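Visitor: Dropping in entry.cif, with mmCIF, C-alpha atoms.
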data_coords
loop_
_atom_site.label_atom_id
_atom_site.label_comp_id
_atom_site.auth_asym_id
_atom_site.auth_seq_id
_atom_site.Cartn_x
_atom_site.Cartn_y
_atom_site.Cartn_z
CA MET A 1 180.10 155.11 136.21
CA LEU A 2 177.46 154.13 133.64
CA LEU A 3 175.85 151.83 136.19
CA HIS A 4 175.69 154.69 138.71
CA ILE A 5 174.00 156.99 136.19
CA GLN A 6 171.45 154.29 135.33
CA LYS A 7 170.63 153.76 139.00
CA THR A 8 170.26 157.49 139.56
CA PHE A 9 167.95 157.82 136.55
CA LEU A 10 165.89 154.86 137.71
CA PHE A 11 165.58 156.43 141.17
CA PHE A 12 164.22 159.72 139.80
CA ALA A 13 161.91 157.89 137.41
CA VAL A 14 160.41 155.94 140.32
CA LEU A 15 160.16 159.13 142.38
CA ILE A 16 158.33 161.00 139.62
CA SER A 17 155.95 158.06 139.13
CA ALA A 18 155.20 158.04 142.83
CA PHE A 19 154.37 161.72 142.84
CA GLY A 20 152.17 161.14 139.82
CA LEU A 21 150.26 158.40 141.63
CA ILE A 22 149.81 160.59 144.67
CA ALA A 23 148.57 163.43 142.51
CA CYS A 24 146.13 161.12 140.75
CA ASN A 25 144.91 159.77 144.05
CA ASP A 26 144.44 163.32 145.38
CA ASP A 27 142.39 164.31 142.33
CA ALA A 28 140.27 161.20 142.65
CA SER A 29 139.52 162.00 146.26
CA ILE A 30 138.11 165.47 145.45
CA ILE A 31 134.31 165.39 145.54
CA PRO A 32 132.73 168.15 143.41
CA ASP A 33 130.34 170.51 145.11
CA PRO A 34 126.75 169.38 144.66
CA ILE A 35 124.56 171.35 142.26
CA ILE A 36 122.01 173.15 144.41
CA ILE A 37 118.64 173.53 142.73
CA PRO A 38 116.72 176.41 144.33
CA GLU A 39 113.50 175.33 145.99
CA THR A 40 110.34 176.67 144.44
CA GLY A 41 106.66 176.66 145.26
CA LYS A 42 103.40 178.27 144.21
CA MET A 43 101.43 181.38 145.03
CA ALA A 44 97.72 181.84 144.41
CA ILE A 45 96.02 185.20 143.92
CA GLU A 46 92.27 185.51 144.36
CA PHE A 47 90.32 188.37 142.81
CA ASP A 48 87.14 188.97 144.80
CA ASN A 49 84.90 191.42 142.95
CA ILE A 50 82.72 193.71 145.06
CA VAL A 51 80.65 196.88 144.68
CA GLY A 52 81.36 199.09 147.65
CA ASN A 53 80.54 197.01 150.69
CA LYS A 54 78.47 194.46 148.77
CA ASN A 55 79.46 191.34 146.91
CA LEU A 56 79.17 191.58 143.14
CA VAL A 57 76.32 189.42 141.88
CA LEU A 58 75.68 189.52 138.16
CA ASP A 59 72.11 190.52 137.28
CA GLY A 60 71.34 190.31 140.98
CA PHE A 61 71.69 193.19 143.42
CA THR A 62 70.91 196.77 142.54
CA TYR A 63 73.78 199.11 143.38
CA ALA A 64 74.14 202.89 143.40
CA ASN A 65 76.92 205.15 142.18
CA THR A 66 78.02 208.35 143.92
CA ALA A 67 75.48 210.35 141.89
CA GLY A 68 72.65 208.21 143.29
CA GLU A 69 71.93 206.42 140.02
CA SER A 70 71.04 202.76 140.43
CA PHE A 71 72.50 200.00 138.30
CA LYS A 72 72.88 196.26 137.85
CA ILE A 73 75.95 194.56 136.39
CA SER A 74 75.71 191.82 133.76
CA LYS A 75 79.40 191.47 132.85
CA PHE A 76 82.73 192.30 134.45
CA ASN A 77 85.97 191.06 132.86
CA TYR A 78 89.57 192.27 133.05
CA PHE A 79 93.05 191.19 132.00
CA ILE A 80 95.85 190.79 134.54
CA SER A 81 99.41 190.47 133.18
CA ASN A 82 103.13 191.10 133.73
CA ILE A 83 103.14 189.92 137.34
CA LYS A 84 106.07 190.59 139.67
CA LEU A 85 106.66 189.63 143.31
CA THR A 86 108.99 191.46 145.67
CA HIS A 87 110.79 189.34 148.27
CA GLU A 88 111.32 190.71 151.76
CA ASN A 89 115.05 190.97 150.94
CA GLY A 90 114.25 193.27 148.03
CA ASN A 91 114.76 190.75 145.23
CA ILE A 92 112.10 190.83 142.53
CA TYR A 93 110.74 187.69 140.91
CA THR A 94 109.22 188.33 137.48
CA VAL A 95 106.78 185.70 136.30
CA PRO A 96 107.89 184.49 132.83
CA GLN A 97 106.05 186.39 130.12
CA ASP A 98 104.35 183.40 128.55
CA SER A 99 102.91 182.42 131.94
CA SER A 100 101.80 185.89 132.97
CA TYR A 101 98.48 186.58 131.19
CA PHE A 102 95.14 185.95 132.87
CA LEU A 103 91.55 186.89 132.13
CA VAL A 104 89.43 187.33 135.26
CA LYS A 105 85.69 186.96 134.66
CA GLU A 106 82.93 187.43 137.21
CA ASP A 107 80.83 184.77 135.50
CA THR A 108 83.58 182.13 135.79
CA LYS A 109 84.63 181.33 139.35
CA ALA A 110 87.70 179.36 138.30
CA SER A 111 89.16 182.41 136.54
CA GLN A 112 89.11 184.43 139.77
CA ILE A 113 91.95 182.45 141.35
CA ILE A 114 95.20 182.40 139.42
CA THR A 115 98.17 180.24 140.38
CA LEU A 116 101.79 181.23 139.86
CA ASN A 117 104.08 178.21 139.52
CA HIS A 118 107.84 177.88 140.12
CA VAL A 119 108.01 180.83 142.48
CA PRO A 120 111.34 180.84 144.38
CA SER A 121 110.80 179.92 148.02
CA GLY A 122 110.78 182.79 150.46
CA THR A 123 108.60 185.43 152.01
CA TYR A 124 107.09 188.08 149.76
CA LYS A 125 105.83 191.50 150.75
CA TYR A 126 104.76 193.14 147.51
CA LEU A 127 102.68 192.30 144.44
CA GLU A 128 102.76 194.13 141.13
CA PHE A 129 100.83 193.53 137.92
CA MET A 130 99.50 195.25 134.84
CA ILE A 131 95.83 195.76 134.06
CA GLY A 132 95.63 195.11 130.35
CA ILE A 133 97.93 193.68 127.69
CA ASP A 134 101.27 195.28 126.89
CA SER A 135 102.10 196.59 123.42
CA LEU A 136 104.61 193.82 122.66
CA ARG A 137 102.01 191.10 123.17
CA ASN A 138 99.32 193.13 121.37
CA THR A 139 101.46 193.26 118.25
CA MET A 140 102.95 189.76 118.42
CA ASP A 141 102.19 187.21 115.72
CA VAL A 142 98.68 185.95 116.44
CA LYS A 143 99.94 182.35 116.32
CA LYS A 144 101.92 183.07 119.48
CA ARG A 145 98.87 184.43 121.30
CA THR A 146 97.05 181.42 122.65
CA GLY A 147 94.70 180.60 125.53
CA VAL A 148 93.01 183.70 126.93
CA LEU A 149 94.96 185.81 124.41
CA ASP A 150 93.52 184.00 121.40
CA PRO A 151 91.43 186.66 119.61
CA ALA A 152 89.13 183.92 118.32
CA ASN A 153 88.42 182.28 121.69
CA GLY A 154 84.92 183.74 121.90
CA GLU A 155 85.52 185.80 125.04
CA GLY A 156 84.83 189.06 123.21
CA MET A 157 87.89 190.80 124.69
CA TYR A 158 89.45 191.78 121.37
CA TRP A 159 88.73 194.57 118.90
CA ALA A 160 89.18 193.07 115.45
CA TRP A 161 88.57 196.49 113.89
CA ASN A 162 91.38 198.02 115.94
CA SER A 163 93.65 194.98 116.37
CA GLY A 164 93.92 195.24 120.12
CA TYR A 165 92.66 193.78 123.36
CA ILE A 166 89.89 195.16 125.52
CA PHE A 167 91.53 195.43 128.92
CA THR A 168 88.41 195.82 131.03
CA LYS A 169 84.76 195.28 130.19
CA LEU A 170 81.87 196.43 132.41
CA GLU A 171 78.28 196.13 131.22
CA GLY A 172 74.82 196.34 132.75
CA THR A 173 71.64 198.37 133.06
CA PHE A 174 70.93 201.63 134.88
CA THR A 175 68.20 203.93 136.14
CA THR A 176 68.89 207.65 136.47
CA LEU A 177 67.47 209.98 139.12
CA ALA A 178 64.92 211.07 136.51
CA ASP A 179 63.86 207.42 136.19
CA SER A 180 65.15 207.03 132.65
CA THR A 181 66.64 203.59 132.02
CA GLY A 182 69.12 202.10 129.64
CA ASP A 183 72.14 199.90 129.12
CA PHE A 184 75.72 200.86 129.85
CA LYS A 185 78.84 199.46 128.20
CA TYR A 186 82.38 200.38 129.16
CA HIS A 187 85.01 198.66 127.02
CA ILE A 188 88.43 200.10 127.79
CA GLY A 189 91.50 199.20 125.74
CA LEU A 190 94.27 200.94 123.72
CA TYR A 191 97.96 200.39 124.38
CA GLY A 192 99.59 203.35 122.65
CA GLY A 193 98.91 202.55 119.01
CA TYR A 194 100.51 200.43 116.31
CA ILE A 195 100.17 202.51 113.14
CA GLU A 196 98.83 205.70 114.69
CA PRO A 197 99.43 206.80 118.31
CA THR A 198 96.65 206.43 120.87
CA VAL A 199 96.42 206.84 124.60
CA ASN A 200 97.93 204.04 126.65
CA ASN A 201 95.33 202.59 129.02
CA THR A 202 97.48 199.83 130.49
CA ARG A 203 98.04 200.51 134.17
CA ILE A 204 100.57 199.15 136.66
CA VAL A 205 99.12 198.24 140.06
CA LYS A 206 101.47 197.96 143.05
CA ILE A 207 100.05 196.36 146.18
CA PRO A 208 102.12 196.27 149.38
CA PHE A 209 101.14 193.54 151.83
CA GLY A 210 101.91 195.72 154.85
CA GLU A 211 102.10 193.58 157.96
CA LEU A 212 100.93 190.57 155.95
CA LYS A 213 103.44 188.19 154.43
CA ALA A 214 103.19 185.56 151.72
CA ALA A 215 105.57 182.71 152.55
CA VAL A 216 106.21 180.38 149.61
CA SER A 217 107.77 176.93 149.96
CA ALA A 218 107.54 173.53 148.32
CA SER A 219 104.97 172.52 150.94
CA LYS A 220 103.10 175.81 151.35
CA THR A 221 101.10 177.80 148.79
CA PRO A 222 99.94 181.15 150.17
CA GLN A 223 96.77 182.66 148.74
CA VAL A 224 96.67 186.44 148.42
CA HIS A 225 93.06 187.61 148.64
CA LEU A 226 92.42 190.85 146.75
CA MET A 227 89.24 192.88 146.84
CA VAL A 228 88.30 194.50 143.52
CA ASP A 229 85.80 197.33 143.92
CA VAL A 230 83.69 198.18 140.86
CA LEU A 231 82.62 201.48 142.44
CA LYS A 232 86.22 202.62 142.05
CA PHE A 233 85.97 201.79 138.35
CA LEU A 234 83.06 204.22 138.12
CA ASN A 235 84.21 206.85 140.58
CA GLY A 236 87.80 207.72 141.32
CA SER A 237 90.74 210.03 140.75
CA GLY A 238 90.23 209.97 136.97
CA THR A 239 86.54 210.74 136.68
CA ASN A 240 83.14 210.29 138.33
CA LEU A 241 80.95 208.60 135.76
CA GLN A 242 77.24 209.26 135.56
CA PHE A 243 75.18 206.95 133.37
CA LYS A 244 72.95 209.76 132.15
CA ASP A 245 75.98 211.50 130.62
CA ASN A 246 78.16 208.56 129.59
CA SER A 247 76.45 205.22 129.17
CA SER A 248 78.93 203.96 126.57
CA ILE A 249 82.71 204.35 126.49
CA MET A 250 84.69 202.57 123.80
CA GLY A 251 87.99 203.04 122.00
CA ALA A 252 86.81 206.08 120.05
CA ASN A 253 86.50 208.14 123.23
CA GLN A 254 90.19 208.14 124.09
CA SER A 255 90.27 210.97 126.60
CA LEU A 256 87.43 209.60 128.70
CA SER A 257 88.74 206.02 128.46
CA LYS A 258 92.05 207.29 129.86
CA MET A 259 90.20 208.75 132.85
CA VAL A 260 88.45 205.43 133.44
CA ALA A 261 91.83 203.67 133.27
CA ASP A 262 93.06 205.98 136.02
CA ASN A 263 90.03 204.88 138.00
CA TYR A 264 90.43 201.14 137.57
CA ALA A 265 94.07 201.30 138.63
CA GLN A 266 92.70 201.99 142.13
CA MET A 267 90.24 199.07 142.30
CA PHE A 268 92.59 196.58 143.99
CA THR A 269 93.39 196.21 147.70
CA VAL A 270 94.74 193.27 149.68
CA ASP A 271 92.29 191.91 152.24
CA HIS A 272 94.15 188.96 153.74
CA ILE A 273 96.66 186.20 153.00
CA HIS A 274 96.16 182.59 153.98
#
Let me see the file written as structure tokens.
Guide:
Amino acid sequence: MLLHIQKTFLFFAVLISAFGLIACNDDASIIPDPIIIPETGKMAIEFDNIVGNKNLVLDGFTYANTAGESFKISKFNYFISNIKLTHENGNIYTVPQDSSYFLVKEDTKASQIITLNHVPSGTYKYLEFMIGIDSLRNTMDVKKRTGVLDPANGEGMYWAWNSGYIFTKLEGTFTTLADSTGDFKYHIGLYGGYIEPTVNNTRIVKIPFGELKAAVSASKTPQVHLMVDVLKFLNGSGTNLQFKDNSSIMGANQSLSKMVADNYAQMFTVDHIH
């Protein structure tokens, strides 16, 4: 009887071991799903500054505003930030904050084409960005504001007296209809205030591509070509500036600067994508 029990025990022990081996072999044969890394690419955005139907040439052409006053432009700078792209499926790609601040300058060709890296592959139909610098970045520790955001970089796009960035800067000379001449300076900033409230002159620009599409892949970098019309800075839904009445607009003139901000929000249109 004892021998029979021992044989039976041995049989079940062997059987259990066999199942264990099979189970181990099954586990070993399972291949884990591969980790899929989404494909990314780049998108370039070109800012082509114009004045009406003419190319902007610093200290070159003489232009005219809607009041018939003539003017020349010596400086035109503006900050672009907080960029978002809308995919054709409705998904929104937000460019990481630290990689989403650019200073476009008419006197520096390289600054007029910005490149967005690590954009998820796909076809995009909408571009959104802010003109200016948001309040969070305006009030961030200055050590974290580098590159174009460095207040000491010599670009002159920061008010030390008011601890804030100048969002847009337009300067030049003018001649009125009465043949009086002078300089004009429009420095528009203010983000809502840090200690005391101010107007908020940041503006969100949303640009649909319409029938155009920007297809991003690892092997293709679309370039979105935007036209930026200075005449719309001067004349638009906010106000129609005349040099004889307002040749200088700075931070102290909050109400008028807000009107100009409403104007410059309309400067941008998409021309083509290639």
Visitor: If we count all atoms listed in the file and set the cut-off at 10 Å, which residues sit around Asn162 of chain A, ignoring sequence neighbours fewer than 6 positions away in its own chain? Please answer as JSON, numbers by chain.
Guide: {"A": [189, 190, 193, 194, 251]}
Visitor: Grab the residues selected above and save them as a compact mmCIF listing (two decimals), in the coordinates of the input with C-alpha atoms.
Guide:
# COMPACT_ATOMS: atom_id res chain seq x y z
CA GLY A 189 91.50 199.20 125.74
CA LEU A 190 94.27 200.94 123.72
CA GLY A 193 98.91 202.55 119.01
CA TYR A 194 100.51 200.43 116.31
CA GLY A 251 87.99 203.04 122.00
Visitor: Could you state the separation of atom CA of Ile83 of chain A and atom CA of Thr115 of chain A in Å, given to one decimal place?
Guide: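 Atom-to-atom, atom CA of Ile83 of chain A and atom CA of Thr115 of chain A are spaced 11.3 Å apart.
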Visitor: Quick one: of A:Phe167, A:Phe102, A:Phe79, A:Phe243, who's nearest to Ser257 of chain A, counting all atoms listed in the file?
Guide: A:Phe167
Visitor: Around all listed atoms of segment 196-214 of chain A, padded 8 Å per side, what centre and edge lengths does the axis-aligned box have in Å to one decimal, as AutoDock Vina command-line options?
Guide:
--center_x 99.4 --center_y 196.2 --center_z 136.3 --size_x 24.1 --size_y 37.3 --size_z 59.3
Visitor: Assuming the chain letters and numbering stay as they are in my file, what does the PyMOL selection byres ((chain A and resi 130) around 9) actually select? List them as a ChimeraX atom specification.
Guide: /A:79-83,128-129,131-134,202-206,265
Visitor: If we count only C-alpha atoms and set the cut-off at 12 Å, which residues sit around Gly164 of chain A, ignoring sequence neighbours fewer than 2 positions away in its own chain? Please answer as a PyMOL selection string.
Guide: chain A and resi 132-140+142+145+149-151+156-162+166-167+187-195+198+200-202+251
Visitor: Apply the PyMOL selection byres ((chain A and resi 210) around 10) to the file shown and report the selected residues as a PyMOL selection string.
Guide: chain A and resi 125-126+207-209+211-213+270
Visitor: In Å, with one decimal, what is the gap from atom CA of Phe268 of chain A to atom CA of Lys75 of chain A?
Guide: 18.0 Å
Visitor: Output segment 64-78 of chain A as a PDB file, in the coordinates of the input, making sure N, CA, C and O atoms are there.
Guide:
ATOM      1  N   ALA A  64      74.277 201.462 143.679  1.00  0.00           N
ATOM      2  CA  ALA A  64      74.140 202.890 143.400  1.00  0.00           C
ATOM      3  C   ALA A  64      75.520 203.515 143.276  1.00  0.00           C
ATOM      4  O   ALA A  64      76.446 203.174 144.028  1.00  0.00           O
ATOM      5  N   ASN A  65      75.663 204.429 142.311  1.00  0.00           N
ATOM      6  CA  ASN A  65      76.920 205.150 142.180  1.00  0.00           C
ATOM      7  C   ASN A  65      76.886 206.407 143.058  1.00  0.00           C
ATOM      8  O   ASN A  65      75.897 206.668 143.759  1.00  0.00           O
ATOM      9  N   THR A  66      77.945 207.185 143.023  1.00  0.00           N
ATOM     10  CA  THR A  66      78.020 208.350 143.920  1.00  0.00           C
ATOM     11  C   THR A  66      77.015 209.431 143.539  1.00  0.00           C
ATOM     12  O   THR A  66      76.710 210.314 144.348  1.00  0.00           O
ATOM     13  N   ALA A  67      76.492 209.381 142.315  1.00  0.00           N
ATOM     14  CA  ALA A  67      75.480 210.350 141.890  1.00  0.00           C
ATOM     15  C   ALA A  67      74.071 209.900 142.287  1.00  0.00           C
ATOM     16  O   ALA A  67      73.100 210.626 142.053  1.00  0.00           O
ATOM     17  N   GLY A  68      73.956 208.716 142.876  1.00  0.00           N
ATOM     18  CA  GLY A  68      72.650 208.210 143.290  1.00  0.00           C
ATOM     19  C   GLY A  68      71.923 207.430 142.224  1.00  0.00           C
ATOM     20  O   GLY A  68      70.785 206.981 142.448  1.00  0.00           O
ATOM     21  N   GLU A  69      72.546 207.236 141.066  1.00  0.00           N
ATOM     22  CA  GLU A  69      71.930 206.420 140.020  1.00  0.00           C
ATOM     23  C   GLU A  69      72.034 204.942 140.403  1.00  0.00           C
ATOM     24  O   GLU A  69      73.038 204.504 140.963  1.00  0.00           O
ATOM     25  N   SER A  70      71.016 204.188 140.113  1.00  0.00           N
ATOM     26  CA  SER A  70      71.040 202.760 140.430  1.00  0.00           C
ATOM     27  C   SER A  70      71.450 201.959 139.190  1.00  0.00           C
ATOM     28  O   SER A  70      71.231 202.389 138.058  1.00  0.00           O
ATOM     29  N   PHE A  71      72.058 200.802 139.433  1.00  0.00           N
ATOM     30  CA  PHE A  71      72.500 200.000 138.300  1.00  0.00           C
ATOM     31  C   PHE A  71      72.646 198.531 138.709  1.00  0.00           C
ATOM     32  O   PHE A  71      72.820 198.201 139.882  1.00  0.00           O
ATOM     33  N   LYS A  72      72.572 197.679 137.710  1.00  0.00           N
ATOM     34  CA  LYS A  72      72.880 196.260 137.850  1.00  0.00           C
ATOM     35  C   LYS A  72      73.996 195.926 136.864  1.00  0.00           C
ATOM     36  O   LYS A  72      74.098 196.545 135.801  1.00  0.00           O
ATOM     37  N   ILE A  73      74.808 194.943 137.221  1.00  0.00           N
ATOM     38  CA  ILE A  73      75.950 194.560 136.390  1.00  0.00           C
ATOM     39  C   ILE A  73      75.679 193.193 135.768  1.00  0.00           C
ATOM     40  O   ILE A  73      75.293 192.241 136.470  1.00  0.00           O
ATOM     41  N   SER A  74      75.890 193.095 134.460  1.00  0.00           N
ATOM     42  CA  SER A  74      75.710 191.820 133.760  1.00  0.00           C
ATOM     43  C   SER A  74      77.026 191.187 133.339  1.00  0.00           C
ATOM     44  O   SER A  74      77.080 189.984 133.080  1.00  0.00           O
ATOM     45  N   LYS A  75      78.092 191.996 133.264  1.00  0.00           N
ATOM     46  CA  LYS A  75      79.400 191.470 132.850  1.00  0.00           C
ATOM     47  C   LYS A  75      80.511 192.309 133.462  1.00  0.00           C
ATOM     48  O   LYS A  75      80.438 193.543 133.485  1.00  0.00           O
ATOM     49  N   PHE A  76      81.538 191.612 133.943  1.00  0.00           N
ATOM     50  CA  PHE A  76      82.730 192.300 134.450  1.00  0.00           C
ATOM     51  C   PHE A  76      83.930 191.406 134.204  1.00  0.00           C
ATOM     52  O   PHE A  76      84.105 190.371 134.844  1.00  0.00           O
ATOM     53  N   ASN A  77      84.765 191.804 133.227  1.00  0.00           N
ATOM     54  CA  ASN A  77      85.970 191.060 132.860  1.00  0.00           C
ATOM     55  C   ASN A  77      87.171 192.001 132.866  1.00  0.00           C
ATOM     56  O   ASN A  77      87.032 193.193 132.556  1.00  0.00           O
ATOM     57  N   TYR A  78      88.359 191.468 133.158  1.00  0.00           N
ATOM     58  CA  TYR A  78      89.570 192.270 133.050  1.00  0.00           C
ATOM     59  C   TYR A  78      90.792 191.380 132.925  1.00  0.00           C
ATOM     60  O   TYR A  78      90.841 190.274 133.459  1.00  0.00           O
TER      61      TYR A  78
END
